[in-house]
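Enquirer: my_file06.txt (compact mmCIF, C-alpha atoms and all ligand atoms) pasted underneath:
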```
# COMPACT_ATOMS: atom_id res chain seq x y z
CA MET A 1 2.84 19.78 11.52
CA SER A 2 6.21 20.62 13.04
CA GLY A 3 7.67 24.09 12.61
CA LEU A 4 10.31 22.77 10.25
CA ALA A 5 7.79 21.03 8.01
CA GLU A 6 5.71 24.17 7.92
CA LEU A 7 8.68 26.30 7.00
CA ARG A 8 9.63 23.79 4.34
CA ARG A 9 6.19 24.08 2.80
CA GLU A 10 6.27 27.86 2.97
CA ILE A 11 9.62 28.09 1.20
CA LEU A 12 8.82 25.36 -1.32
CA ARG A 13 5.51 26.94 -2.27
CA ASP A 14 7.33 30.19 -2.99
CA VAL A 15 10.30 28.82 -4.94
CA LEU A 16 8.08 26.62 -7.10
CA LYS A 17 6.67 29.78 -8.68
CA CYS A 18 9.93 30.17 -10.60
CA SER A 19 9.51 30.16 -14.35
CA TYR A 20 13.26 30.25 -15.14
CA CYS A 21 12.90 33.64 -16.79
CA ALA A 22 16.29 34.83 -15.45
CA MET A 23 15.12 38.40 -14.90
CA CYS A 24 16.71 38.24 -11.46
CA GLU A 25 20.19 37.35 -12.61
CA TRP A 26 21.63 40.56 -14.01
CA VAL A 27 21.53 42.37 -10.67
CA CYS A 28 23.16 39.62 -8.62
CA PRO A 29 26.68 40.51 -7.44
CA THR A 30 27.69 36.91 -6.81
CA LEU A 31 26.75 35.50 -10.19
CA ASP A 32 29.85 36.35 -12.18
CA VAL A 33 32.44 36.60 -9.44
CA GLU A 34 34.54 33.87 -10.84
CA SER A 35 32.82 31.71 -13.32
CA ASN A 36 29.27 32.66 -14.29
CA ASN A 37 28.15 29.44 -12.67
CA ARG A 38 24.36 29.77 -12.42
CA LEU A 39 24.37 28.18 -8.98
CA TYR A 40 25.86 31.40 -7.62
CA GLY A 41 22.87 33.43 -8.74
CA PRO A 42 19.26 33.80 -7.58
CA ARG A 43 17.66 31.57 -10.18
CA GLY A 44 20.14 28.80 -9.43
CA ARG A 45 19.65 29.17 -5.70
CA VAL A 46 15.86 29.14 -5.90
CA ASN A 47 15.84 26.03 -8.02
CA LEU A 48 18.49 24.28 -5.98
CA ILE A 49 16.28 24.78 -2.93
CA ALA A 50 13.35 23.28 -4.81
CA SER A 51 15.45 20.31 -5.90
CA TYR A 52 16.75 19.79 -2.37
CA PHE A 53 13.22 19.45 -1.06
CA ARG A 54 11.97 17.26 -3.82
CA GLU A 55 14.77 14.97 -4.83
CA GLY A 56 17.80 15.84 -2.74
CA VAL A 57 21.01 17.41 -4.06
CA ASP A 58 24.72 17.29 -3.37
CA ILE A 59 25.05 18.97 0.00
CA GLY A 60 28.49 20.45 -0.74
CA ILE A 61 27.24 22.24 -3.85
CA LEU A 62 24.12 23.33 -2.01
CA LYS A 63 26.09 24.93 0.82
CA GLU A 64 28.39 26.79 -1.56
CA SER A 65 25.43 28.17 -3.39
CA ILE A 66 23.38 29.12 -0.31
CA TYR A 67 26.12 30.52 1.92
CA THR A 68 27.67 32.71 -0.76
CA CYS A 69 24.41 34.66 -1.09
CA LEU A 70 24.68 38.18 0.34
CA VAL A 71 20.96 38.36 1.16
CA CYS A 72 21.23 41.80 -0.45
CA MET A 73 17.68 41.60 -1.85
CA ALA A 74 18.60 42.98 -5.27
CA CYS A 75 17.06 39.97 -6.99
CA THR A 76 13.80 40.08 -5.03
CA ARG A 77 12.90 43.40 -6.63
CA GLN A 78 13.30 41.97 -10.11
CA CYS A 79 11.27 38.78 -9.94
CA PRO A 80 8.04 39.04 -11.96
CA ALA A 81 6.68 35.94 -10.21
CA GLY A 82 6.90 37.79 -6.91
CA ILE A 83 9.19 35.25 -5.26
CA ASP A 84 10.72 36.56 -2.06
CA ILE A 85 14.06 35.21 -3.25
CA ALA A 86 16.50 36.63 -0.68
CA GLU A 87 14.17 35.83 2.19
CA ASP A 88 13.67 32.25 0.97
CA ILE A 89 17.44 31.76 0.81
CA ARG A 90 17.91 33.22 4.30
CA LYS A 91 15.13 31.06 5.71
CA PHE A 92 16.51 28.01 3.97
CA ARG A 93 19.76 28.39 5.92
CA LEU A 94 17.78 27.09 8.86
CA PHE A 95 17.60 23.70 7.21
CA LEU A 96 21.29 23.59 6.55
CA ASP A 97 21.87 24.39 10.17
CA GLY A 98 19.63 21.58 11.34
CA GLY A 99 16.62 23.75 11.96
CA ASN A 100 17.67 26.05 14.79
CA GLY A 101 14.48 27.33 16.22
CA VAL A 102 11.87 25.42 14.34
CA GLY A 103 12.83 21.81 14.99
CA MET B 1 39.63 28.77 -10.31
CA GLU B 2 41.81 29.17 -7.25
CA VAL B 3 39.37 31.52 -5.60
CA MET B 4 36.47 29.14 -6.02
CA GLU B 5 38.50 26.32 -4.51
CA LEU B 6 39.16 28.46 -1.49
CA VAL B 7 35.54 29.50 -1.28
CA ASN B 8 34.58 25.85 -1.25
CA ARG B 9 37.00 25.08 1.52
CA TYR B 10 35.51 27.87 3.60
CA ILE B 11 31.95 26.96 2.96
CA ASN B 12 32.71 23.39 3.97
CA ASN B 13 33.74 24.82 7.30
CA SER B 14 30.79 27.16 7.42
CA ASN B 15 29.04 25.39 10.29
CA LEU B 16 32.20 25.70 12.36
CA ILE B 17 32.48 29.42 11.73
CA ILE B 18 28.77 29.88 12.31
CA GLU B 19 29.08 27.98 15.57
CA ILE B 20 31.96 30.18 16.77
CA ILE B 21 30.03 33.34 15.96
CA ARG B 22 26.76 32.00 17.40
CA ARG B 23 28.37 30.99 20.65
CA ASN B 24 30.11 34.34 21.00
CA ILE B 25 26.92 36.30 20.45
CA MET B 26 24.83 34.20 22.81
CA LYS B 27 27.44 33.89 25.54
CA ARG B 28 29.37 37.11 25.20
CA GLY B 29 27.02 39.51 23.46
CA TYR B 30 29.18 40.21 20.39
CA PRO B 31 30.25 38.11 17.40
CA ILE B 32 33.96 38.78 17.83
CA TYR B 33 36.08 39.98 20.68
CA ILE B 34 36.32 43.74 21.05
CA PRO B 35 37.80 45.46 24.06
CA ASN B 36 35.41 47.59 26.06
CA LYS B 37 37.50 50.65 25.36
CA ALA B 38 36.84 50.24 21.64
CA LEU B 39 33.12 49.75 22.18
CA TYR B 40 32.41 52.60 24.53
CA GLY B 41 35.58 54.73 24.44
CA TRP B 42 33.93 57.18 22.04
CA ILE B 43 32.04 58.67 24.98
CA ASP B 44 33.96 61.78 25.84
CA GLU B 45 31.39 63.81 27.66
CA ASP B 46 28.52 63.35 30.01
CA PHE B 47 25.52 62.32 28.02
CA PRO B 48 22.04 62.95 29.30
CA ARG B 49 20.80 59.83 31.10
CA ASP B 50 17.22 60.45 30.18
CA GLY B 51 15.34 61.78 27.18
CA GLU B 52 13.00 60.95 24.33
CA TYR B 53 15.30 59.09 21.92
CA PHE B 54 17.84 56.56 23.08
CA PHE B 55 21.05 56.80 21.00
CA TYR B 56 21.53 53.17 19.94
CA THR B 57 24.89 52.58 18.23
CA GLY B 58 24.40 48.78 17.98
CA LEU B 59 28.23 48.59 18.12
CA MET B 60 28.63 48.08 14.37
CA TYR B 61 30.91 51.06 13.72
CA GLN B 62 33.04 50.05 16.70
CA MET B 63 33.32 46.47 15.43
CA ALA B 64 34.17 47.23 11.80
CA PRO B 65 37.97 47.56 12.19
CA TYR B 66 38.06 44.37 14.24
CA ILE B 67 35.99 42.47 11.72
CA GLU B 68 38.53 43.43 9.09
CA ARG B 69 41.29 41.86 11.19
CA ILE B 70 39.48 38.68 11.99
CA VAL B 71 38.52 38.22 8.37
CA ASN B 72 42.20 38.43 7.51
CA MET B 73 42.90 35.81 10.15
CA LEU B 74 40.20 33.50 8.77
CA GLN B 75 41.61 33.94 5.32
CA LYS B 76 44.85 32.40 6.51
CA LEU B 77 43.24 29.35 8.10
CA ARG B 78 43.04 26.78 5.42
CA SER B 79 42.75 23.42 7.05
CA GLY B 80 39.55 21.92 8.31
CA VAL B 81 41.37 20.35 11.26
CA LEU B 82 42.50 23.77 12.40
CA PHE B 83 38.94 25.00 12.23
CA LYS B 84 37.80 22.13 14.39
CA VAL B 85 40.48 22.80 16.99
CA ILE B 86 39.54 26.45 17.04
CA ASN B 87 35.90 25.61 17.47
CA ILE B 88 36.58 23.41 20.49
CA LEU B 89 38.87 26.06 21.93
CA ASN B 90 36.18 28.68 21.48
CA ARG B 91 33.95 26.93 24.00
CA VAL B 92 36.36 27.94 26.70
CA VAL B 93 38.03 31.09 25.44
CA ASP B 94 36.95 33.54 22.82
CA VAL B 95 39.31 32.72 19.94
CA SER B 96 38.63 35.98 18.16
CA ARG B 97 40.88 37.55 20.81
CA PHE B 98 43.85 36.08 19.00
CA SER B 99 43.56 38.06 15.80
CA SER B 100 45.75 41.11 15.38
CA LYS B 101 44.48 44.42 16.66
CA PRO B 102 43.48 47.33 14.44
CA SER B 103 45.53 50.49 14.83
CA HIS B 104 44.60 53.11 17.36
CA GLU B 105 43.87 55.50 14.49
CA GLU B 106 41.33 53.19 12.91
CA VAL B 107 39.50 52.78 16.20
CA MET B 108 39.57 56.54 16.79
CA LYS B 109 38.22 57.22 13.32
CA MET B 110 35.16 55.12 14.08
CA HIS B 111 34.71 56.82 17.44
CA LYS B 112 34.78 60.17 15.72
CA ILE B 113 32.08 59.06 13.29
CA ILE B 114 29.83 58.06 16.19
CA ARG B 115 30.42 61.38 17.94
CA ASN B 116 29.65 63.22 14.71
CA ILE B 117 26.36 61.38 14.36
CA TYR B 118 25.52 62.14 17.95
CA SER B 119 26.16 65.86 17.31
CA LEU B 120 23.98 65.75 14.21
CA VAL B 121 20.96 64.46 16.13
CA TYR B 122 21.68 66.54 19.20
CA ARG B 123 22.02 69.73 17.18
CA SER B 124 18.79 68.89 15.37
CA GLY B 125 17.09 69.57 18.66
CA LEU B 126 16.13 66.02 19.56
CA SER B 127 16.15 65.01 23.15
CA VAL B 128 18.71 62.17 22.95
CA TRP B 129 20.20 60.17 25.75
CA TYR B 130 22.67 57.37 26.21
CA ASP B 131 23.62 54.63 28.58
CA PRO B 132 26.32 52.12 27.53
CA SER B 133 24.77 49.30 29.57
CA ILE B 134 21.83 48.91 27.19
CA ASP B 135 23.57 49.73 23.91
CA LYS B 136 24.16 46.20 22.53
CA TYR B 137 24.94 44.42 19.29
CA ALA B 138 21.58 43.76 17.59
CA GLY B 139 22.23 40.13 16.55
CA VAL B 140 22.63 40.91 12.85
CA LEU B 141 24.66 37.77 12.09
CA LEU B 142 22.22 35.45 13.89
CA TYR B 143 19.61 36.83 11.53
CA GLU B 144 21.72 36.50 8.41
CA PHE B 145 22.70 32.92 9.27
CA GLY B 146 19.03 32.05 9.80
CA LEU B 147 19.48 31.16 13.51
CA MET B 148 16.02 32.29 14.48
CA ASP B 149 15.70 30.44 17.78
CA ASP B 150 18.86 32.02 19.13
CA LEU B 151 17.88 35.36 17.68
CA LYS B 152 14.55 35.29 19.44
CA ILE B 153 16.17 34.69 22.82
CA TYR B 154 18.80 37.30 22.11
CA ALA B 155 16.34 39.90 20.84
CA GLU B 156 14.14 39.41 23.89
CA ARG B 157 17.11 40.15 26.11
CA ILE B 158 17.83 43.36 24.25
CA SER B 159 14.27 44.52 24.13
CA ASP B 160 13.62 43.68 27.81
CA ALA B 161 16.70 45.64 28.85
CA LEU B 162 15.53 48.64 26.83
CA SER B 163 12.00 48.45 28.17
CA SER B 164 13.21 48.16 31.75
CA MET B 165 14.93 51.51 31.26
CA GLY B 166 11.80 53.03 29.82
CA VAL B 167 13.08 53.24 26.23
CA ASN B 168 10.39 53.40 23.55
CA LYS B 169 12.13 55.39 20.82
CA ILE B 170 15.63 54.85 19.49
CA VAL B 171 17.92 56.52 16.96
CA THR B 172 20.08 54.02 15.08
CA ILE B 173 23.27 54.84 13.25
CA ASP B 174 23.91 51.98 10.81
CA PRO B 175 21.61 50.23 8.30
CA HIS B 176 21.87 46.70 9.73
CA THR B 177 20.87 47.68 13.26
CA THR B 178 18.14 49.88 11.81
CA TYR B 179 16.74 46.94 9.85
CA MET B 180 16.75 44.67 12.91
CA PHE B 181 14.76 47.16 14.97
CA LYS B 182 12.42 48.31 12.24
CA LYS B 183 11.72 45.06 10.41
CA VAL B 184 12.98 41.95 12.19
CA PHE B 185 12.17 42.47 15.86
CA PRO B 186 8.56 43.60 15.33
CA SER B 187 7.77 40.34 13.53
CA LEU B 188 9.75 38.20 15.94
CA LEU B 189 8.78 39.50 19.36
CA GLU B 190 5.42 39.75 21.00
CA ASN B 191 4.67 43.00 22.81
CA TYR B 192 7.42 44.80 20.95
CA SER B 193 6.79 48.51 20.88
CA ILE B 194 10.09 50.24 20.21
CA GLU B 195 10.01 52.85 17.47
CA ALA B 196 13.31 53.00 15.59
CA TYR B 197 14.60 55.73 13.28
CA SER B 198 17.81 56.02 11.36
CA TYR B 199 19.57 59.25 12.27
CA LEU B 200 19.26 60.21 8.60
CA GLU B 201 15.50 60.42 9.00
CA LEU B 202 15.73 62.77 11.95
CA ILE B 203 18.28 65.41 11.00
CA ASP B 204 16.95 68.91 10.67
CA GLU B 205 18.26 70.40 7.42
CA ASP B 206 18.33 73.85 8.93
CA ILE B 207 21.31 73.06 11.12
CA PHE B 208 23.63 73.31 8.14
CA VAL B 209 25.31 76.22 6.45
CA GLY B 210 24.35 75.78 2.83
CA SER B 211 27.58 76.51 1.04
CA SER B 212 29.83 73.58 0.38
CA ALA B 213 33.50 74.29 -0.11
CA GLU B 214 34.32 70.82 -1.38
CA GLN B 215 36.77 70.58 -4.27
CA ASN B 216 36.63 66.83 -4.57
CA LYS B 217 34.15 64.86 -6.62
CA PHE B 218 32.02 62.47 -4.61
CA VAL B 219 30.11 59.37 -5.54
CA ILE B 220 27.37 57.98 -3.32
CA HIS B 221 27.03 54.29 -2.42
CA ASP B 222 23.69 53.21 -0.91
CA PRO B 223 23.81 50.34 1.59
CA CYS B 224 21.35 47.54 0.72
CA TYR B 225 19.67 47.57 4.12
CA TYR B 226 18.97 51.30 4.05
CA ALA B 227 17.83 51.49 0.44
CA ARG B 228 15.99 48.21 -0.05
CA GLY B 229 15.62 47.25 3.60
CA VAL B 230 13.96 50.30 5.09
CA GLY B 231 13.57 52.69 2.15
CA VAL B 232 16.10 55.27 3.30
CA PHE B 233 17.86 56.72 0.23
CA SER B 234 16.38 60.15 -0.46
CA GLU B 235 17.26 61.45 3.02
CA PRO B 236 21.05 61.49 2.57
CA ARG B 237 20.66 63.10 -0.85
CA LYS B 238 18.46 65.85 0.54
CA LEU B 239 21.11 66.66 3.13
CA LEU B 240 23.90 66.79 0.56
CA ASP B 241 21.75 68.98 -1.71
CA ARG B 242 20.99 71.30 1.17
CA ILE B 243 24.69 71.73 1.91
CA GLY B 244 25.44 72.06 -1.77
CA VAL B 245 27.78 69.09 -2.04
CA GLU B 246 27.78 67.74 -5.55
CA TYR B 247 27.77 63.99 -5.91
CA ILE B 248 27.63 61.51 -8.73
CA GLU B 249 25.14 58.67 -8.92
CA PRO B 250 26.88 55.41 -9.81
CA LYS B 251 25.50 52.59 -11.90
CA PHE B 252 23.11 50.76 -9.52
CA ASN B 253 21.91 53.36 -7.05
CA ARG B 254 19.08 53.98 -4.57
CA VAL B 255 16.80 50.91 -4.29
CA ASP B 256 18.74 49.28 -7.09
CA THR B 257 22.05 49.56 -5.27
CA TYR B 258 24.74 46.92 -5.59
CA CYS B 259 25.99 45.10 -2.50
CA CYS B 260 29.53 45.85 -1.27
CA GLY B 261 30.12 42.14 -0.64
CA GLY B 262 30.53 42.61 3.10
CA PRO B 263 27.78 40.25 4.29
CA VAL B 264 29.66 37.08 3.35
CA GLU B 265 33.03 38.20 4.69
CA SER B 266 33.03 35.78 7.62
CA LEU B 267 32.08 32.72 5.59
CA SER B 268 34.07 33.40 2.43
CA PRO B 269 36.48 36.30 2.77
CA LEU B 270 37.88 35.98 -0.74
CA PHE B 271 34.50 35.87 -2.40
CA SER B 272 33.52 38.92 -0.42
CA ALA B 273 36.67 40.76 -1.50
CA LYS B 274 35.99 40.00 -5.16
CA ILE B 275 32.56 41.61 -4.90
CA GLY B 276 34.09 44.57 -3.07
CA VAL B 277 36.51 45.08 -5.95
CA LYS B 278 33.67 44.94 -8.48
CA ARG B 279 31.52 47.50 -6.68
CA LEU B 280 34.39 49.81 -5.87
CA GLY B 281 35.35 49.66 -9.54
CA MET B 282 31.88 50.89 -10.54
CA LEU B 283 32.11 53.72 -8.02
CA VAL B 284 35.58 54.85 -9.07
CA ASP B 285 34.71 54.59 -12.77
CA THR B 286 32.38 57.55 -12.33
CA GLY B 287 35.49 59.72 -12.05
CA ALA B 288 34.93 60.47 -8.37
CA ASP B 289 37.78 61.12 -5.94
CA GLU B 290 35.94 60.03 -2.83
CA VAL B 291 33.27 57.44 -2.04
CA ILE B 292 30.48 58.32 0.38
CA THR B 293 29.27 55.35 2.43
CA MET B 294 26.66 55.16 5.19
CA CYS B 295 27.46 51.76 6.64
CA PRO B 296 30.51 50.53 8.57
CA ILE B 297 30.39 47.16 6.80
CA CYS B 298 30.54 48.79 3.35
CA MET B 299 33.35 51.03 4.55
CA ALA B 300 35.36 48.14 5.97
CA ASN B 301 34.92 45.97 2.91
CA PHE B 302 35.94 48.72 0.48
CA ARG B 303 38.95 49.58 2.65
CA ARG B 304 39.97 45.96 2.75
CA VAL B 305 40.16 45.80 -1.04
CA SER B 306 41.74 49.17 -1.70
CA LYS B 307 44.00 51.43 0.29
CA GLU B 308 44.15 54.03 -2.48
CA VAL B 309 40.54 55.09 -2.80
CA ASN B 310 39.32 57.53 -0.17
CA ILE B 311 36.25 56.05 1.54
CA ILE B 312 34.34 58.34 3.88
CA ASP B 313 31.23 58.13 5.98
CA LEU B 314 28.42 60.53 5.09
CA SER B 315 28.38 61.87 8.65
CA GLU B 316 32.05 62.93 8.41
CA LEU B 317 31.25 65.05 5.40
CA ILE B 318 28.03 66.68 6.54
CA SER B 319 28.99 67.33 10.14
CA LYS B 320 31.63 69.77 8.86
CA TYR B 321 28.76 72.03 7.80
CA ILE B 322 26.85 72.27 11.05
CA LYS B 323 26.28 75.96 11.73
S1 LIG C 401 20.17 38.24 -2.41
FE1 LIG C 401 21.65 36.64 -2.99
S2 LIG C 401 20.84 35.80 -4.90
FE2 LIG C 401 19.80 37.75 -4.57
S3 LIG C 401 21.00 39.27 -5.71
FE3 LIG C 401 21.79 39.26 -3.60
S4 LIG C 401 23.48 37.78 -3.62
FE4 LIG C 401 22.27 37.41 -5.49
S1 LIG C 402 13.10 36.28 -11.72
FE1 LIG C 402 11.89 34.94 -10.38
S2 LIG C 402 10.79 33.59 -11.82
FE2 LIG C 402 12.47 34.56 -12.98
S3 LIG C 402 14.21 33.09 -12.79
FE3 LIG C 402 14.43 34.57 -11.12
S4 LIG C 402 13.40 33.58 -9.41
FE4 LIG C 402 12.70 32.52 -11.24
```
In structure tokens, how does this file's structure come out?
Expert:
Amino acid sequence: MSGLAELRREILRDVLKCSYCAMCEWVCPTLDVESNNRLYGPRGRVNLIASYFREGVDIGILKESIYTCLVCMACTRQCPAGIDIAEDIRKFRLFLDGGNGVG
Amino acid sequence: MEVMELVNRYINNSNLIIEIIRRNIMKRGYPIYIPNKALYGWIDEDFPRDGEYFFYTGLMYQMAPYIERIVNMLQKLRSGVLFKVINILNRVVDVSRFSSKPSHEEVMKMHKIIRNIYSLVYRSGLSVWYDPSIDKYAGVLLYEFGLMDDLKIYAERISDALSSMGVNKIVTIDPHTTYMFKKVFPSLLENYSIEAYSYLELIDEDIFVGSSAEQNKFVIHDPCYYARGVGVFSEPRKLLDRIGVEYIEPKFNRVDTYCCGGPVESLSPLFSAKIGVKRLGMLVDTGADEVITMCPICMANFRRVSKEVNIIDLSELISKYIK
């Protein structure tokens, strides 16, 4: 398996643990910057990543959501499912960049 | 909605910005252009050229005023075509040279902070040494952008240079560099054996006179990468307590701190500013007159959004009380 496929599996396995509980959202600084659009919060980001891998999503929306994350790790501490949210988002940036380093 | 529209425009150009920054780091050793004088001009005495702990600035304090300028420049670039032109241009010349320069005062302020931190560790009795040729930017943005292949090459360069000079212990002065050396490099590099400590972990409390004369009210802002990244949050408080400086804890503190917004400044300057305003609001709402920061990125982002609030670095405050 190529490095990218392996990384994909690693991230996907983690984000699929999400139960939509929203416990991560209240600490996220980017969530209510302008609109309260869920895609600018951890739960939205985690599930957008999952959708990208499984069915594909609008790449413009995906980039906005992923590159506005501060990787500040506030959400990671809150998640009862133990998802390494900030790290998954940071790792996922590899895919958006064409897989620098694992291709 | 205007802000979100601008954010979108930036993010659509994100690969161009990332490419500019990536190329600069890999080719030139820093994400944006900074004159040598600004990077190493803080050295005003002969430092020992050998010792136990290498004083590793990681250049973040030196870069902060320049980052502020370049972010302002990016904020003005609105067209995708312009971004493309700039990106092509950057292959030949470093385009970040064209942004306006920070004032001499701003650069000097950062230099003073670095010298203060050096005094703090030196006076604590540690055997510290310095050599500008191996004090490099730690590749923080490569890490944040997820460019792991580049980071690996870059980190190897840094770590080889340090090893060739016999360095095995370093003192770091900002949270991002600290995180790279403590958490990222050990998992990325084989045969990595450098022990890294934030200066806050190494200061001897007994070097201070314990009688603060501060009239102002302070509020403390923890940087994410100290508090959540490497678990450094009680150390600064112990030092302030020892000196007798009173400080207020804001909403969201210690491991639950709230990001200053700085990390996304290069990709979406306006978004970053909005978060800066939110966090600074929480800090000022405590009734404090001054905000204590411990990270040059936090300091720069708060300064960018408000000229009225007094933002200081912890080291500026505590170094006044060295015996
Ligand atoms: S790491 Fe990203 S998603 Fe998580 S709280 Fe910070 S900004 Fe929000
Ligand atoms: S806290 Fe964890 S499980 Fe709950 S919504 Fe957020 S990511 Fe999903």
Enquirer: To check your reading of the model: which residues sit at most 7 Å from ligand LIG 401 (chain C) when counting only C-alpha atoms and all ligand atoms? Write the answer as a list in words.
Expert: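 My answer, listing the contacting residues, is Val27, Cys28, Pro29, Thr30, Leu31, Gly41, Pro42, Arg45, Cys69, Leu70, Val71, Cys72, Met73, Ala74, Cys75, Thr76, Ile85 and Ala86 of chain A.
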Enquirer: Write the residues of the preceding selection, restricted to C-alpha atoms, as a compact mmCIF listing (two decimals), in the frame of the given file.
Expert:
```
# COMPACT_ATOMS: atom_id res chain seq x y z
CA VAL A 27 21.53 42.37 -10.67
CA CYS A 28 23.16 39.62 -8.62
CA PRO A 29 26.68 40.51 -7.44
CA THR A 30 27.69 36.91 -6.81
CA LEU A 31 26.75 35.50 -10.19
CA GLY A 41 22.87 33.43 -8.74
CA PRO A 42 19.26 33.80 -7.58
CA ARG A 45 19.65 29.17 -5.70
CA CYS A 69 24.41 34.66 -1.09
CA LEU A 70 24.68 38.18 0.34
CA VAL A 71 20.96 38.36 1.16
CA CYS A 72 21.23 41.80 -0.45
CA MET A 73 17.68 41.60 -1.85
CA ALA A 74 18.60 42.98 -5.27
CA CYS A 75 17.06 39.97 -6.99
CA THR A 76 13.80 40.08 -5.03
CA ILE A 85 14.06 35.21 -3.25
CA ALA A 86 16.50 36.63 -0.68
```
Enquirer: One number please: CA of Thr178 (chain B) to CA of Val121 (chain B), in Å, one decimal.
Expert: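 Interatomic distance, CA of Thr178 (chain B) to CA of Val121 (chain B): 15.5 Å.
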Enquirer: Which residues form the shell of 10 Å around ligand LIG 402 (chain C) when you count all atoms listed in the file, given as a ChimeraX atom specification?
Expert: /A:14-26,41-47,75-86
Enquirer: For chain B against chain A, with a cut-off of 7 Å and counting all atoms listed in the file, what is the closest atom pair and its distance in Å to one decimal for every residue that makes the cut, ordered by chain and number, as JSON lines?
Expert:
```
{"residue": "B:Asn8", "atom": "CA", "partner": "A:Glu64", "partner_atom": "CA", "distance": 6.3}
{"residue": "B:Ile11", "atom": "CA", "partner": "A:Glu64", "partner_atom": "CA", "distance": 5.8}
{"residue": "B:Asn12", "atom": "CA", "partner": "A:Gly60", "partner_atom": "CA", "distance": 7.0}
{"residue": "B:Glu144", "atom": "CA", "partner": "A:Arg90", "partner_atom": "CA", "distance": 6.5}
{"residue": "B:Phe145", "atom": "CA", "partner": "A:Arg93", "partner_atom": "CA", "distance": 6.4}
{"residue": "B:Gly146", "atom": "CA", "partner": "A:Leu94", "partner_atom": "CA", "distance": 5.2}
{"residue": "B:Leu147", "atom": "CA", "partner": "A:Asn100", "partner_atom": "CA", "distance": 5.6}
{"residue": "B:Met148", "atom": "CA", "partner": "A:Gly101", "partner_atom": "CA", "distance": 5.5}
{"residue": "B:Asp149", "atom": "CA", "partner": "A:Gly101", "partner_atom": "CA", "distance": 3.7}
{"residue": "B:Cys224", "atom": "CA", "partner": "A:Cys72", "partner_atom": "CA", "distance": 5.9}
{"residue": "B:Asp256", "atom": "CA", "partner": "A:Ala74", "partner_atom": "CA", "distance": 6.6}
{"residue": "B:Tyr258", "atom": "CA", "partner": "A:Pro29", "partner_atom": "CA", "distance": 6.9}
{"residue": "B:Cys259", "atom": "CA", "partner": "A:Cys72", "partner_atom": "CA", "distance": 6.1}
{"residue": "B:Gly261", "atom": "CA", "partner": "A:Leu70", "partner_atom": "CA", "distance": 6.8}
{"residue": "B:Pro263", "atom": "CA", "partner": "A:Leu70", "partner_atom": "CA", "distance": 5.4}
{"residue": "B:Val264", "atom": "CA", "partner": "A:Leu70", "partner_atom": "CA", "distance": 5.9}
{"residue": "B:Lys274", "atom": "CA", "partner": "A:Val33", "partner_atom": "CA", "distance": 6.5}
{"residue": "B:Ile275", "atom": "CA", "partner": "A:Pro29", "partner_atom": "CA", "distance": 6.5}
```
Enquirer: Quick one: of B:Trp42, B:Tyr225, B:Tyr33, B:Tyr192, who's nearest to Val167 (chain B), counting all atoms listed in the file?
Expert: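 Using all atoms listed in the file, Val167 (chain B) sits closest to B:Tyr192.
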Enquirer: Could you please determine the separation between CA of Gly51 (chain B) and CA of Leu162 (chain B) in Å, to one decimal place?
Expert: 13.1 Å
Enquirer: As AutoDock Vina command-line options, please: the centre and edge lengths in Å, to one decimal, of an axis-aligned box enclosing every listed atom of region 3-16 of chain A with 3 Å added on each side.
Expert:
```
--center_x 7.9 --center_y 25.6 --center_z 2.8 --size_x 10.8 --size_y 15.2 --size_z 25.7
```
Enquirer: Which residues come within 12 Å of Ala64 (chain B), counting only C-alpha atoms, excluding same-chain residues fewer than 6 positions away, as an NGL selection string?
Expert: :B and (31-34 or 38-39 or 58 or 70-71 or 101-102 or 106-111 or 174 or 262 or 265 or 295-304)
Enquirer: Would you put the residues from that selection into a file with C-alpha atoms, as a short mmCIF file (atom, residue, chain, number, x, y, z; two decimals), in the coordinates of the input?
Expert:
```
data_model
loop_
_atom_site.label_atom_id
_atom_site.label_comp_id
_atom_site.auth_asym_id
_atom_site.auth_seq_id
_atom_site.Cartn_x
_atom_site.Cartn_y
_atom_site.Cartn_z
CA PRO B 31 30.25 38.11 17.40
CA ILE B 32 33.96 38.78 17.83
CA TYR B 33 36.08 39.98 20.68
CA ILE B 34 36.32 43.74 21.05
CA ALA B 38 36.84 50.24 21.64
CA LEU B 39 33.12 49.75 22.18
CA GLY B 58 24.40 48.78 17.98
CA ILE B 70 39.48 38.68 11.99
CA VAL B 71 38.52 38.22 8.37
CA LYS B 101 44.48 44.42 16.66
CA PRO B 102 43.48 47.33 14.44
CA GLU B 106 41.33 53.19 12.91
CA VAL B 107 39.50 52.78 16.20
CA MET B 108 39.57 56.54 16.79
CA LYS B 109 38.22 57.22 13.32
CA MET B 110 35.16 55.12 14.08
CA HIS B 111 34.71 56.82 17.44
CA ASP B 174 23.91 51.98 10.81
CA GLY B 262 30.53 42.61 3.10
CA GLU B 265 33.03 38.20 4.69
CA CYS B 295 27.46 51.76 6.64
CA PRO B 296 30.51 50.53 8.57
CA ILE B 297 30.39 47.16 6.80
CA CYS B 298 30.54 48.79 3.35
CA MET B 299 33.35 51.03 4.55
CA ALA B 300 35.36 48.14 5.97
CA ASN B 301 34.92 45.97 2.91
CA PHE B 302 35.94 48.72 0.48
CA ARG B 303 38.95 49.58 2.65
CA ARG B 304 39.97 45.96 2.75
#
```
Enquirer: What is the CA of Lys37 (chain B)-CA of Lys136 (chain B) distance in Å, reported with one decimal?
Expert: 14.3 Å
Enquirer: What's the 10 Å shell around Gln215 (chain B), counting only C-alpha atoms, without same-chain residues fewer than 4 positions away, as number ranges by chain?
Expert: B: 245-246, 289
Enquirer: May I ask which of the residues B:Leu142, B:Ile194, B:Val171, B:Ile43 is the closest one to Lys112 (chain B), counting only C-alpha atoms?
Expert: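 Smallest separation from Lys112 (chain B) among the options: B:Ile43.
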